[in-house]
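Visitor: My structure file start.csv, CSV, C-alpha atoms, is below:
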```csv
chain,number,residue,atom,x,y,z
S,1,MET,CA,132.1,-29.4,123.8
S,2,VAL,CA,133.0,-32.9,124.9
S,3,VAL,CA,136.4,-34.4,124.3
S,4,HIS,CA,136.4,-38.1,124.4
S,5,SER,CA,139.2,-39.7,126.5
S,6,SER,CA,139.9,-42.2,123.7
S,7,ALA,CA,140.7,-39.3,121.4
S,8,LEU,CA,143.1,-37.9,124.0
S,9,GLN,CA,144.8,-41.2,124.6
S,10,ALA,CA,145.3,-41.7,120.9
S,11,GLU,CA,147.1,-38.3,120.6
S,12,PRO,CA,150.8,-39.1,121.3
S,13,THR,CA,151.8,-35.4,121.5
S,14,LEU,CA,149.5,-34.7,124.4
S,15,THR,CA,149.7,-35.7,128.1
S,16,LEU,CA,147.0,-34.9,130.7
S,17,TYR,CA,148.4,-34.0,134.1
S,18,ALA,CA,146.4,-35.3,137.0
S,19,GLY,CA,148.0,-33.4,139.9
S,20,GLU,CA,146.3,-30.6,141.7
S,21,GLU,CA,149.3,-28.6,143.0
S,22,GLU,CA,149.4,-24.9,142.4
S,23,GLN,CA,152.5,-23.3,141.2
S,24,SER,CA,153.5,-20.0,139.5
S,25,PRO,CA,153.7,-20.2,135.7
S,26,ASP,CA,157.5,-19.7,135.9
S,27,THR,CA,157.8,-22.6,138.3
S,28,TRP,CA,155.9,-24.9,136.0
S,29,ALA,CA,157.9,-23.7,133.0
S,30,ASP,CA,161.1,-24.5,134.8
S,31,ARG,CA,160.0,-28.1,135.5
S,32,TYR,CA,159.8,-29.1,131.9
S,33,THR,CA,161.8,-28.7,128.7
S,34,ASP,CA,160.6,-28.1,125.1
S,35,VAL,CA,156.9,-28.5,125.7
S,36,TRP,CA,153.9,-26.3,125.8
S,37,LEU,CA,152.0,-26.2,129.1
S,38,LEU,CA,148.3,-25.4,129.6
S,39,LEU,CA,147.7,-24.1,133.0
S,40,GLU,CA,144.3,-23.6,134.7
S,41,VAL,CA,144.8,-20.2,136.4
S,42,THR,CA,143.8,-20.3,140.1
S,43,ALA,CA,145.1,-16.9,141.2
S,44,GLU,CA,145.7,-13.6,139.5
S,45,ASP,CA,147.1,-10.3,140.8
S,46,ASP,CA,145.2,-7.1,140.6
S,47,ALA,CA,146.2,-6.5,137.0
S,48,GLY,CA,144.9,-9.9,135.9
S,49,GLU,CA,148.4,-11.4,135.7
S,50,PRO,CA,148.2,-15.2,136.4
S,51,VAL,CA,150.3,-15.9,139.5
S,52,LEU,CA,149.3,-19.4,140.3
S,53,GLY,CA,147.9,-22.3,138.3
S,54,LYS,CA,147.3,-26.0,138.1
S,55,LEU,CA,149.0,-27.8,135.2
S,56,ARG,CA,146.4,-29.5,133.1
S,57,VAL,CA,148.0,-30.5,129.8
S,58,ILE,CA,151.5,-31.0,128.4
S,59,THR,CA,151.9,-31.0,124.7
S,60,THR,CA,154.5,-30.9,122.0
S,61,ASP,CA,152.0,-29.8,119.4
S,62,PRO,CA,149.3,-27.3,120.3
S,63,MET,CA,148.0,-27.3,116.8
S,64,THR,CA,146.5,-30.8,117.1
S,65,LEU,CA,142.7,-31.1,117.0
S,66,ALA,CA,142.8,-33.0,120.4
S,67,PHE,CA,144.6,-30.2,122.1
S,68,GLN,CA,142.6,-27.5,120.4
S,69,GLN,CA,139.4,-29.1,121.5
S,70,LEU,CA,140.6,-29.6,125.1
S,71,TRP,CA,141.8,-26.0,125.3
S,72,ARG,CA,138.4,-24.9,124.1
S,73,THR,CA,136.5,-26.8,126.8
S,74,TYR,CA,138.1,-24.6,129.4
S,75,ALA,CA,137.1,-21.4,127.6
S,76,ASP,CA,133.6,-22.7,127.1
S,77,ARG,CA,133.3,-23.2,130.9
S,78,GLY,CA,134.7,-19.8,131.6
S,79,ILE,CA,137.8,-21.2,133.2
S,80,LEU,CA,140.9,-19.0,132.7
S,81,THR,CA,143.8,-20.8,131.2
S,82,LEU,CA,147.4,-19.7,130.4
S,83,LEU,CA,149.2,-21.3,127.5
S,84,CYS,CA,153.0,-21.0,128.0
S,85,HIS,CA,156.1,-22.7,126.9
S,86,SER,CA,158.5,-24.5,129.2
S,87,THR,CA,162.3,-24.0,129.3
S,88,TYR,CA,164.0,-24.3,125.9
S,89,ALA,CA,166.7,-27.0,125.9
S,90,ASP,CA,169.0,-25.2,123.4
S,91,PRO,CA,170.2,-21.7,123.9
S,92,GLN,CA,167.8,-19.2,122.3
S,93,PRO,CA,169.0,-17.2,119.4
S,94,TYR,CA,169.0,-13.5,119.9
S,95,VAL,CA,166.0,-11.9,118.2
S,96,VAL,CA,167.0,-8.8,116.2
S,97,ALA,CA,166.1,-7.1,112.9
S,98,TYR,CA,169.1,-7.1,110.6
S,99,ALA,CA,170.2,-6.1,107.2
S,100,PRO,CA,172.7,-8.5,105.7
X,101,MET,CA,142.7,1.1,141.1
X,102,PRO,CA,144.6,-1.6,139.2
X,103,ARG,CA,148.2,-1.0,138.4
X,104,GLU,CA,149.1,0.4,135.0
X,105,TRP,CA,151.8,-2.0,134.0
X,106,ALA,CA,152.3,-5.4,132.6
X,107,ALA,CA,155.2,-7.5,134.0
X,108,PHE,CA,158.0,-9.2,132.1
X,109,ARG,CA,161.4,-10.7,133.1
X,110,PRO,CA,163.8,-7.8,133.8
X,111,GLN,CA,166.4,-7.1,131.1
X,112,THR,CA,164.8,-9.4,128.6
X,113,LEU,CA,162.4,-9.0,125.7
X,114,PRO,CA,159.1,-7.5,126.9
X,115,ILE,CA,157.1,-10.7,126.8
X,116,ILE,CA,153.8,-10.0,128.6
X,117,THR,CA,150.6,-11.7,129.3
X,118,VAL,CA,147.6,-10.8,127.1
X,119,ARG,CA,144.1,-11.9,127.7
X,120,ARG,CA,140.9,-12.3,125.8
X,121,ASP,CA,137.9,-13.8,127.6
X,122,SER,CA,139.2,-17.0,129.3
X,123,TRP,CA,142.4,-17.2,127.3
X,124,ALA,CA,145.7,-15.9,128.5
X,125,VAL,CA,148.7,-16.2,126.3
X,126,ARG,CA,152.2,-14.7,126.0
X,127,ALA,CA,152.9,-11.8,123.7
X,128,LEU,CA,155.9,-9.8,122.6
X,129,ALA,CA,155.4,-6.1,122.8
X,130,ASP,CA,157.3,-4.9,119.7
X,131,THR,CA,157.4,-1.2,119.1
X,132,GLY,CA,159.5,-1.9,116.0
X,133,ALA,CA,156.6,-3.6,114.3
X,134,GLN,CA,154.0,-1.6,112.3
X,135,ARG,CA,151.5,-4.4,112.5
X,136,SER,CA,150.8,-7.2,114.9
X,137,LEU,CA,151.1,-10.9,114.3
X,138,ILE,CA,149.1,-13.9,115.7
X,139,HIS,CA,150.1,-17.5,115.7
X,140,PRO,CA,147.7,-19.9,113.8
X,141,ARG,CA,147.1,-22.0,116.9
X,142,LEU,CA,145.6,-19.1,118.8
X,143,LEU,CA,143.6,-18.0,115.7
X,144,LEU,CA,142.3,-21.6,115.5
X,145,GLN,CA,141.3,-21.4,119.1
X,146,LEU,CA,139.6,-18.1,118.9
X,147,GLY,CA,137.8,-19.0,115.6
X,148,VAL,CA,138.5,-15.6,114.0
X,149,PRO,CA,138.0,-15.5,110.2
X,150,THR,CA,140.7,-14.2,107.9
X,151,HIS,CA,140.1,-11.4,105.5
X,152,GLY,CA,142.5,-11.0,102.6
X,153,GLU,CA,146.2,-10.7,102.9
X,154,LEU,CA,148.7,-8.5,104.7
X,155,PRO,CA,152.1,-7.6,103.1
X,156,LEU,CA,154.9,-7.9,105.6
X,157,VAL,CA,158.6,-7.3,105.3
X,158,GLY,CA,161.4,-7.6,107.9
X,159,LEU,CA,164.9,-6.3,107.5
X,160,GLY,CA,166.9,-8.9,105.8
X,161,GLY,CA,164.0,-10.9,104.5
X,162,PRO,CA,161.8,-11.0,101.5
X,163,MET,CA,158.3,-9.5,101.4
X,164,LEU,CA,155.6,-12.0,102.5
X,165,ARG,CA,151.9,-12.0,102.0
X,166,VAL,CA,150.1,-13.6,105.0
X,167,PRO,CA,146.4,-14.0,105.9
X,168,ARG,CA,145.0,-10.9,107.6
X,169,VAL,CA,142.6,-10.8,110.6
X,170,GLN,CA,141.0,-8.2,112.8
X,171,LEU,CA,141.5,-9.0,116.5
X,172,GLU,CA,139.2,-7.6,119.2
X,173,GLY,CA,138.6,-8.0,122.9
X,174,PHE,CA,142.2,-8.3,124.0
X,175,SER,CA,143.5,-6.7,127.1
X,176,VAL,CA,146.9,-6.1,128.8
X,177,ALA,CA,146.9,-5.6,132.5
X,178,ARG,CA,143.1,-5.1,132.4
X,179,HIS,CA,143.6,-2.3,129.9
X,180,PRO,CA,141.5,-3.0,126.8
X,181,LEU,CA,143.1,-2.8,123.4
X,182,GLN,CA,141.2,-1.4,120.5
X,183,THR,CA,140.4,-3.7,117.6
X,184,PHE,CA,143.6,-4.1,115.7
X,185,GLU,CA,144.8,-5.8,112.5
X,186,ALA,CA,147.2,-8.7,112.5
X,187,GLY,CA,148.9,-11.0,110.2
X,188,VAL,CA,148.8,-14.8,110.7
X,189,VAL,CA,152.3,-16.1,111.1
X,190,ASN,CA,153.9,-19.1,112.9
X,191,MET,CA,156.6,-17.5,115.0
X,192,ASP,CA,157.8,-20.6,116.8
X,193,HIS,CA,161.2,-20.4,115.2
X,194,LEU,CA,161.9,-17.4,117.4
X,195,ARG,CA,161.6,-19.8,120.4
X,196,LEU,CA,160.1,-17.2,122.6
X,197,GLY,CA,157.0,-19.1,123.7
X,198,ILE,CA,154.6,-16.5,122.3
X,199,ASP,CA,151.3,-16.5,120.5
X,200,LEU,CA,151.2,-12.9,119.6
X,201,ILE,CA,153.4,-10.0,118.6
X,202,LEU,CA,151.8,-6.8,119.5
X,203,GLY,CA,153.0,-4.1,117.1
X,204,ILE,CA,152.3,-0.4,117.5
X,205,ASN,CA,148.9,-0.8,115.9
X,206,ALA,CA,147.8,-2.8,118.9
X,207,PHE,CA,148.4,0.1,121.4
X,208,VAL,CA,146.3,2.8,119.8
X,209,GLY,CA,145.2,5.2,122.6
X,210,TYR,CA,148.1,4.4,124.9
X,211,ARG,CA,151.5,5.8,125.7
X,212,LEU,CA,154.0,3.1,126.4
X,213,GLN,CA,156.8,3.3,128.8
X,214,PHE,CA,159.3,0.4,129.2
X,215,ASP,CA,161.3,-0.1,132.4
X,216,PHE,CA,163.7,-2.9,131.5
X,217,THR,CA,165.3,-2.8,134.9
X,218,ALA,CA,162.1,-3.5,136.8
X,219,GLY,CA,160.5,-5.5,134.0
X,220,ARG,CA,157.5,-3.3,133.6
X,221,LEU,CA,155.6,-2.1,130.5
X,222,TYR,CA,153.5,0.8,131.5
X,223,LEU,CA,150.3,1.5,129.5
X,224,LEU,CA,149.2,5.0,130.1
X,225,ALA,CA,145.9,6.0,128.6
X,226,GLU,CA,146.2,9.1,126.3
X,227,GLN,CA,144.6,12.2,127.8
X,228,VAL,CA,142.1,13.9,125.4
X,229,ARG,CA,143.5,17.3,124.8
X,230,SER,CA,141.0,20.1,124.6
X,231,ALA,CA,141.5,22.7,121.9
```
Let me see the file written as structure tokens.
Guide:
Amino acid sequence: MVVHSSALQAEPTLTLYAGEEEQSPDTWADRYTDVWLLLEVTAEDDAGEPVLGKLRVITTDPMTLAFQQLWRTYADRGILTLLCHSTYADPQPYVVAYAP
Amino acid sequence: MPREWAAFRPQTLPIITVRRDSWAVRALADTGAQRSLIHPRLLLQLGVPTHGELPLVGLGGPMLRVPRVQLEGFSVARHPLQTFEAGVVNMDHLRLGIDLILGINAFVGYRLQFDFTAGRLYLLAEQVRSA
């Protein structure tokens, strides 16, 4: 699958990251706020847990066609990616089951 | 031999990494859920078709009917999960950064052990007991 650069540039919710530095997923997550991050995984531990990755895409909306197509290109090439969320700006609510 | 546990941040919800082929995403391991849930964005990515509806109810909420899918090929810490049923739900309002909630139906064939101090979810394959 080919994703045309014009389509990516026209998508305001998506930013391509050109750097090549490798960081842990938690380090990448701590650098940003309220966005989704697509990492190209460059190192895993013996259980397959991603431990290092290159940041490839920053997006506020992973449902867009442009992001979905871009994400898919990595899978089509057999490149392992990790989709994770950055730090949340507001305090997270506690997640519980409750009966009012 | 690979380790038998998936890591999560100590003393937090057990949000672990789940893999299928070249996709790795975050998932909440939820032993209080009878069925699993998948976010529409991951379903779109995987191209899995929906089949009918799944009735869901949470404490304090109304009953919902959501699209139902069969998920296969997922693994946790290199331990393969059997094909399991999931409902399609957007869970972004939880603000957990997850694409899956793995209910108890996702862990068929495993005994789970949570170590919240160390941040480890152990998946222990069930031994086949002879009669």
Visitor: Hey, can you check how far atom CA of X:Phe214 sits from atom CA of S:Asp45?
Guide: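 The value is 19.9 Å.
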Visitor: Can you tell me, as an MDAnalysis selection string, what residues are no more than 8 Å from X:Val166 when counting all atoms listed in the file, ignoring any on the same chain fewer than 5 positions away?
Guide: chainID X and resid 153:156 187:189
Visitor: Using all atoms listed in the file, determine which residues of chain S fall within 8 Å of chain X; present them as a PyMOL selection string.
Guide: chain S and resi 46-49+62-63+68+71-72+74-75+78-86+88+92-93+95+97-100
Visitor: Find the residue from S:Thr13, S:Gln23, S:Gln69, S:Thr59 that sits nearest to S:Leu38; use all atoms listed in the file when measuring.
Guide: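 Among the listed residues, S:Thr59 lies closest to S:Leu38.
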Visitor: Given the point (144.7, -34.5, 129.0) in the file's coordinates, find the residues that have an atom at most 6 Å from it, counting only C-alpha atoms, and give them as a list in words.
Guide: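 Selection result: Thr15, Leu16 and Val57 of chain S.
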Visitor: Taking into account all atoms listed in the file, which residue in the set X:Pro114, X:Arg109, X:Ile201, X:Gln182 is nearest to X:Ile138?
Guide: X:Ile201
Visitor: Measure the distance from atom CA of S:Ala10 to atom CA of S:Arg56 in Å and round it to one decimal.
Guide: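 One can read the atom CA of S:Ala10 to atom CA of S:Arg56 distance as 17.3 Å.
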Visitor: Give the answer as one residue: which of X:Gly147, X:Asp192, X:Leu137, X:Ala127 has the shortest atom-to-atom distance to S:Asp61, using only C-alpha atoms?
Guide: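 For S:Asp61, the nearest of the given residues is X:Asp192.
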Visitor: For atom CA of X:Phe108 and atom CA of X:Gly219, determine how far apart the two atoms are, in Å to one decimal place.
Guide: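 These two atoms are separated by 4.9 Å.
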Visitor: Let me make sure I understand: among X:Val157, X:Met191, X:Ala218, X:Ile115, which one has the smallest atom-to-atom distance to X:Asp130 if we use only C-alpha atoms?
Guide: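 Closest candidate: X:Ile115.
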